[in-house]
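Undergrad: Input structure: data_4.csv, which contains CSV, C-alpha atoms and all ligand atoms.
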chain,number,residue,atom,x,y,z
U,22,MET,CA,68.8,-4.2,-30.1
U,23,LEU,CA,71.9,-5.1,-32.2
U,24,SER,CA,72.7,-8.7,-33.2
U,25,VAL,CA,76.0,-9.5,-34.8
U,26,SER,CA,76.2,-13.0,-36.2
U,27,ASN,CA,79.3,-14.7,-37.5
U,28,LEU,CA,80.6,-11.5,-39.0
U,29,ASP,CA,83.6,-11.4,-41.4
U,30,VAL,CA,85.1,-8.2,-42.6
U,31,ARG,CA,88.1,-8.3,-45.0
U,32,TYR,CA,90.6,-6.0,-46.5
U,33,GLY,CA,91.4,-7.9,-49.7
U,34,GLN,CA,92.3,-11.4,-48.6
U,35,PHE,CA,93.0,-10.2,-45.0
U,36,ARG,CA,90.4,-11.2,-42.5
U,37,ALA,CA,90.4,-8.2,-40.0
U,38,VAL,CA,87.2,-9.5,-38.3
U,39,GLN,CA,86.6,-13.2,-38.2
U,40,GLY,CA,83.4,-14.9,-37.2
U,41,VAL,CA,82.4,-12.3,-34.6
U,42,SER,CA,79.1,-12.6,-32.9
U,43,MET,CA,77.6,-10.5,-30.1
U,44,GLU,CA,74.2,-9.3,-28.8
U,45,ILE,CA,73.7,-5.8,-27.5
U,46,ALA,CA,70.5,-5.1,-25.7
U,47,LYS,CA,68.7,-1.8,-25.2
U,48,GLY,CA,70.5,0.2,-22.5
U,49,ASP,CA,73.7,-1.8,-22.6
U,50,VAL,CA,76.9,0.0,-22.2
U,51,VAL,CA,79.7,-2.1,-23.7
U,52,SER,CA,83.4,-1.4,-23.9
U,53,LEU,CA,85.3,-3.1,-26.8
U,54,ILE,CA,88.9,-3.5,-26.0
U,55,GLY,CA,91.9,-5.2,-27.6
U,56,ALA,CA,95.5,-4.5,-28.7
U,57,ASN,CA,96.3,-2.4,-31.8
U,58,GLY,CA,95.2,-4.2,-34.9
U,59,ALA,CA,92.7,-6.5,-33.1
U,60,GLY,CA,90.0,-5.4,-35.4
U,61,LYS,CA,88.0,-3.1,-33.1
U,62,SER,CA,87.7,-0.1,-35.5
U,63,THR,CA,86.9,-2.4,-38.4
U,64,LEU,CA,84.1,-4.0,-36.5
U,65,LEU,CA,82.6,-0.6,-35.4
U,66,ARG,CA,82.8,0.7,-39.0
U,67,ALA,CA,81.2,-2.4,-40.4
U,68,ILE,CA,78.3,-2.1,-37.8
U,69,ALA,CA,77.9,1.6,-38.8
U,70,GLY,CA,77.9,0.8,-42.5
U,71,ALA,CA,81.2,2.5,-43.3
U,72,LEU,CA,82.8,-0.8,-44.5
U,73,PRO,CA,81.2,-3.7,-46.5
U,74,ILE,CA,80.6,-7.0,-44.8
U,75,HIS,CA,82.1,-10.1,-46.4
U,76,SER,CA,79.9,-12.6,-44.6
U,77,GLY,CA,77.6,-12.9,-41.6
U,78,ARG,CA,74.6,-10.9,-40.6
U,79,LEU,CA,73.7,-7.7,-38.7
U,80,LEU,CA,70.3,-7.1,-37.3
U,81,PHE,CA,69.3,-3.8,-35.7
U,82,LYS,CA,66.0,-3.7,-33.9
U,83,GLN,CA,65.1,-7.0,-35.5
U,84,GLN,CA,65.7,-5.7,-39.0
U,85,GLU,CA,68.3,-6.8,-41.3
U,86,ILE,CA,70.9,-4.1,-42.0
U,87,THR,CA,73.8,-6.2,-43.3
U,88,ASN,CA,73.9,-4.4,-46.6
U,89,THR,CA,72.1,-1.2,-45.9
U,90,SER,CA,73.7,2.3,-46.3
U,91,SER,CA,75.2,4.1,-43.3
U,92,SER,CA,72.6,6.9,-43.7
U,93,SER,CA,69.8,4.4,-43.5
U,94,ARG,CA,71.3,3.0,-40.3
U,95,VAL,CA,71.5,6.6,-38.9
U,96,GLN,CA,67.8,7.0,-39.8
U,97,GLN,CA,67.1,3.8,-37.8
U,98,GLY,CA,68.9,5.2,-34.8
U,99,LEU,CA,72.5,4.0,-35.1
U,100,SER,CA,75.2,6.6,-35.1
U,101,LEU,CA,79.0,6.4,-35.1
U,102,VAL,CA,81.6,8.9,-33.6
U,103,PRO,CA,84.6,7.8,-35.8
U,104,GLU,CA,88.2,7.6,-34.7
U,105,GLY,CA,90.0,10.9,-35.4
U,106,ARG,CA,86.7,12.9,-35.1
U,107,ARG,CA,86.5,13.7,-38.9
U,108,LEU,CA,85.1,17.2,-38.4
U,109,PHE,CA,85.1,19.8,-41.2
U,110,SER,CA,87.9,22.0,-39.9
U,111,ASP,CA,86.9,25.1,-41.9
U,112,MET,CA,83.4,25.0,-40.5
U,113,THR,CA,82.3,26.3,-37.1
U,114,VAL,CA,81.1,24.1,-34.2
U,115,GLU,CA,77.5,25.0,-34.9
U,116,GLU,CA,77.8,24.2,-38.6
U,117,ASN,CA,79.4,20.8,-37.8
U,118,LEU,CA,76.6,20.1,-35.3
U,119,LEU,CA,74.0,21.0,-37.8
U,120,LEU,CA,75.5,18.6,-40.3
U,121,GLY,CA,74.7,15.9,-37.8
U,122,SER,CA,71.0,16.6,-38.2
U,123,THR,CA,70.9,16.0,-42.0
U,124,VAL,CA,69.3,12.7,-41.1
U,125,LYS,CA,67.1,13.5,-38.2
U,126,ARG,CA,64.9,11.3,-36.1
U,127,SER,CA,62.4,12.6,-33.6
U,128,GLY,CA,63.8,13.0,-30.1
U,129,ASP,CA,65.0,15.4,-27.5
U,130,TRP,CA,68.4,16.2,-28.9
U,131,ASN,CA,68.9,19.6,-30.5
U,132,ILE,CA,71.6,22.1,-30.7
U,133,GLU,CA,70.8,23.8,-27.3
U,134,ARG,CA,70.8,20.5,-25.5
U,135,ILE,CA,74.3,19.7,-27.0
U,136,PHE,CA,75.6,23.0,-25.7
U,137,SER,CA,74.1,22.3,-22.2
U,138,THR,CA,75.7,18.8,-22.3
U,139,PHE,CA,79.1,20.2,-23.3
U,140,PRO,CA,79.1,23.7,-21.7
U,141,ASN,CA,82.8,24.2,-22.8
U,142,LEU,CA,81.5,24.4,-26.4
U,143,VAL,CA,79.2,27.4,-25.8
U,144,LYS,CA,81.9,30.0,-26.1
U,145,ARG,CA,83.3,28.2,-29.2
U,146,ARG,CA,80.0,28.0,-31.0
U,147,HIS,CA,81.1,30.2,-33.9
U,148,ALA,CA,84.8,29.1,-33.9
U,149,LYS,CA,86.1,26.9,-36.7
U,150,THR,CA,86.7,23.4,-35.4
U,151,GLY,CA,90.2,23.4,-36.8
U,152,ASN,CA,91.1,26.0,-34.1
U,153,LEU,CA,89.6,24.0,-31.2
U,154,SER,CA,91.5,22.0,-28.6
U,155,GLY,CA,91.3,18.2,-28.9
U,156,GLY,CA,88.7,18.0,-26.1
U,157,GLU,CA,86.5,20.6,-27.7
U,158,GLN,CA,86.8,18.8,-31.1
U,159,GLN,CA,85.8,15.5,-29.5
U,160,ALA,CA,82.8,17.1,-27.8
U,161,THR,CA,81.8,18.5,-31.2
U,162,ALA,CA,82.1,15.1,-32.8
U,163,ILE,CA,80.0,13.4,-30.1
U,164,GLY,CA,77.5,16.3,-30.3
U,165,ARG,CA,77.3,15.9,-34.1
U,166,ALA,CA,76.4,12.2,-33.7
U,167,LEU,CA,73.8,13.0,-31.1
U,168,MET,CA,72.1,15.5,-33.4
U,169,SER,CA,70.4,12.6,-35.3
U,170,ASN,CA,68.8,11.5,-32.0
U,171,PRO,CA,70.4,8.0,-32.0
U,172,ASP,CA,69.3,5.4,-29.5
U,173,PHE,CA,72.5,3.4,-30.2
U,174,LEU,CA,75.8,5.3,-30.1
U,175,ILE,CA,79.1,3.9,-31.2
U,176,LEU,CA,82.2,5.7,-30.2
U,177,ASP,CA,85.7,4.9,-31.5
U,178,GLU,CA,88.6,5.9,-29.1
U,179,VAL,CA,87.1,9.1,-27.7
U,180,SER,CA,90.2,9.6,-25.4
U,181,LEU,CA,92.8,9.4,-28.2
U,182,GLY,CA,95.2,12.3,-27.9
U,183,LEU,CA,93.4,14.1,-25.0
U,184,SER,CA,94.8,15.1,-21.7
U,185,PRO,CA,93.6,13.1,-18.7
U,186,LEU,CA,91.6,16.1,-17.4
U,187,VAL,CA,89.8,16.5,-20.8
U,188,VAL,CA,89.2,12.7,-21.0
U,189,ASN,CA,87.4,13.1,-17.6
U,190,GLN,CA,85.3,15.9,-19.0
U,191,VAL,CA,84.3,13.9,-22.0
U,192,TYR,CA,83.4,10.8,-19.9
U,193,ASP,CA,81.4,13.0,-17.5
U,194,SER,CA,79.2,14.1,-20.4
U,195,MET,CA,78.9,10.5,-21.5
U,196,GLU,CA,77.6,9.6,-18.1
U,197,SER,CA,74.6,11.7,-18.8
U,198,LEU,CA,74.0,9.8,-22.1
U,199,LYS,CA,74.1,6.6,-20.1
U,200,ASP,CA,71.6,8.0,-17.6
U,201,ALA,CA,69.3,8.9,-20.5
U,202,GLY,CA,69.2,5.2,-21.5
U,203,THR,CA,71.3,5.5,-24.7
U,204,THR,CA,72.8,2.2,-25.7
U,205,ILE,CA,76.5,2.6,-26.1
U,206,LEU,CA,79.3,0.6,-27.7
U,207,LEU,CA,82.7,2.1,-27.4
U,208,VAL,CA,86.3,1.3,-28.1
U,209,GLU,CA,88.5,2.4,-25.2
U,210,GLN,CA,92.3,1.7,-24.9
U,211,ASP,CA,92.4,2.5,-21.2
U,212,LEU,CA,91.2,-0.8,-19.6
U,213,GLU,CA,90.5,0.7,-16.2
U,214,ARG,CA,88.4,3.5,-17.6
U,215,ALA,CA,86.6,1.0,-19.9
U,216,MET,CA,85.8,-1.2,-16.9
U,217,ARG,CA,84.6,1.8,-14.8
U,218,PHE,CA,82.3,3.1,-17.5
U,219,SER,CA,80.7,0.0,-19.0
U,220,LYS,CA,78.4,-2.7,-17.8
U,221,ARG,CA,80.0,-5.2,-20.2
U,222,THR,CA,83.4,-5.7,-21.6
U,223,ILE,CA,84.2,-7.4,-24.9
U,224,CYS,CA,87.8,-8.2,-25.8
U,225,MET,CA,89.0,-8.9,-29.3
U,226,LEU,CA,92.3,-10.5,-30.3
U,227,GLU,CA,93.4,-11.0,-33.9
U,228,GLY,CA,89.9,-10.4,-35.3
U,229,ARG,CA,88.0,-12.6,-32.9
U,230,VAL,CA,86.1,-12.1,-29.7
U,231,VAL,CA,88.0,-13.8,-26.9
U,232,LEU,CA,86.0,-12.4,-23.9
U,233,ASP,CA,82.5,-11.1,-23.5
U,234,LYS,CA,81.4,-10.7,-19.9
U,235,LEU,CA,79.5,-8.4,-17.5
U,236,THR,CA,82.2,-6.1,-16.1
U,237,SER,CA,81.1,-7.0,-12.6
U,238,ASP,CA,81.7,-10.7,-13.4
U,239,THR,CA,85.3,-10.2,-14.5
U,240,ASN,CA,88.5,-8.5,-13.2
U,241,LYS,CA,91.5,-6.7,-14.6
U,242,GLU,CA,93.7,-9.8,-14.5
U,243,GLU,CA,91.2,-11.9,-16.6
U,244,ILE,CA,90.8,-9.0,-19.1
U,245,THR,CA,94.5,-8.4,-19.3
U,246,GLN,CA,95.1,-12.1,-20.1
U,247,ALA,CA,92.4,-12.0,-22.8
U,248,TYR,CA,93.9,-8.8,-24.2
U,249,PHE,CA,97.4,-10.3,-24.6
U,250,GLY,CA,96.1,-13.8,-25.5
U,251,LEU,CA,97.5,-15.4,-22.4
U,252,HIS,CA,95.9,-18.5,-20.9
N,1,LIG,P1,93.8,0.3,-33.4
N,1,LIG,O1,93.6,0.2,-31.9
N,1,LIG,O2,95.2,0.3,-33.8
N,1,LIG,O3,92.9,1.2,-34.1
N,1,LIG,P2,92.0,-1.9,-34.1
N,1,LIG,O4,91.8,-3.0,-33.1
N,1,LIG,O5,91.0,-0.9,-34.2
N,1,LIG,O6,93.4,-1.2,-33.8
N,1,LIG,P3,91.7,-2.2,-36.9
N,1,LIG,O7,92.1,-0.7,-37.2
N,1,LIG,O8,90.3,-2.6,-37.1
N,1,LIG,O9,92.2,-2.6,-35.5
N,1,LIG,O10,92.7,-3.1,-37.9
N,1,LIG,C1,92.5,-4.5,-37.9
N,1,LIG,C2,93.5,-5.0,-38.9
N,1,LIG,O11,93.1,-4.6,-40.2
N,1,LIG,C3,95.0,-4.5,-38.7
N,1,LIG,O12,95.8,-5.6,-38.9
N,1,LIG,C4,95.1,-3.5,-39.7
N,1,LIG,O13,96.5,-3.4,-40.1
N,1,LIG,C5,94.2,-3.9,-40.8
N,1,LIG,N1,93.6,-2.8,-41.5
N,1,LIG,C6,92.9,-1.8,-41.0
N,1,LIG,N2,92.5,-0.9,-42.0
N,1,LIG,C7,93.0,-1.4,-43.2
N,1,LIG,C8,92.9,-1.0,-44.5
N,1,LIG,N3,92.2,0.1,-44.9
N,1,LIG,N4,93.5,-1.8,-45.4
N,1,LIG,C9,94.2,-2.9,-45.1
N,1,LIG,N5,94.3,-3.4,-43.8
N,1,LIG,C10,93.7,-2.7,-42.9
Translate this structure into structure tokens?

TA:
Amino acid sequence: MLSVSNLDVRYGQFRAVQGVSMEIAKGDVVSLIGANGAGKSTLLRAIAGALPIHSGRLLFKQQEITNTSSSSRVQQGLSLVPEGRRLFSDMTVEENLLLGSTVKRSGDWNIERIFSTFPNLVKRRHAKTGNLSGGEQQATAIGRALMSNPDFLILDEVSLGLSPLVVNQVYDSMESLKDAGTTILLVEQDLERAMRFSKRTICMLEGRVVLDKLTSDTNKEEITQAYFGLH
């Protein structure tokens, strides 16, 4: 579904992502892990079209998207839940969700299905998102991305700043996305959670991919070694 070939993304002269290649098939659930500064967010943002690509290629559903706009990628079915949620804090939950359907594809997601997937949001429907808890904000951010009916969902650090209980709730709802066959690529700092949730684990170190394996074919020790660059 997504093919990343030899991708380089730079900030000025600095190569934050260096020669990264990966293939993500329909229905894959992939965790991208790595230490702070490894280049994970940069890679996700480049895939979503939020950062320009220096060199390399991106194909989505066999079509070249290397230089296309983020909105055209959303139109093709690729949607990002960015780090830090980026909600409009003066707008209500419902208004934020509706913004997610500005680019709308056909599919089953609509505002009522978002509220049944994240039942905690129902009573907050008309609350400004600036007044919500971290977990409610994260659910709104995921819901907003789902409103475009993506078949490929990219999530950057959904657990950041949330209590363990709320992280569990967010992941429980994401299980239902998995069951619905959504292809998922997510950055997760918690290695054990990443391994529990995903079928595949990709580890980055200093801008490069250093491990890419089915989660069932690896173990925590091997992943930890890749994470810290130990051999
Ligand atoms: P984290 O877990 O801390 O978010 P990450 O793996 O997502 O880390 P990135 O945020 O992609 O890493 O950053 C990769 C590298 O690029 C880091 O060295 C970072 O300092 C640098 N970087 C990120 N954003 C910028 C920017 N806007 N300008 C310059 N350098 C940047």

Undergrad: Return as a ChimeraX atom specification every polymer residue, whether protein, DNA or RNA, with at least one atom no more than 9 Å from an atom of ligand LIG 1 (chain N); count all atoms listed in the file.

TA: /U:31-33,35-38,54-66,104,177-178,208-210,225-228

Undergrad: In Å to one decimal, how far is atom CA of Ala46 of chain U from atom CA of Met22 of chain U?

TA: 4.8 Å

Undergrad: Residues within 8 Å of Thr161 of chain U, please, as a list in words. Count only C-alpha atoms; anything in the same chain fewer than 4 positions from it doesn't count.

TA: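 Within the cut-off, the hits are Val114, Asn117, Leu118, Leu142, Glu157 and Arg165 of chain U.
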
Undergrad: Tell me which of U:Glu116, U:Ser127, U:Val230, U:Phe173 sits closest to Ala148 of chain U, counting only C-alpha atoms.

TA: U:Glu116

Undergrad: My list of candidates is U:Ser219, U:Ser180, U:Thr239, U:Ser100. Which is closest to Leu53 of chain U when distances are computed with all atoms listed in the file?

TA: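 Once distances to Leu53 of chain U are computed over all atoms listed in the file, the minimum belongs to U:Ser219.
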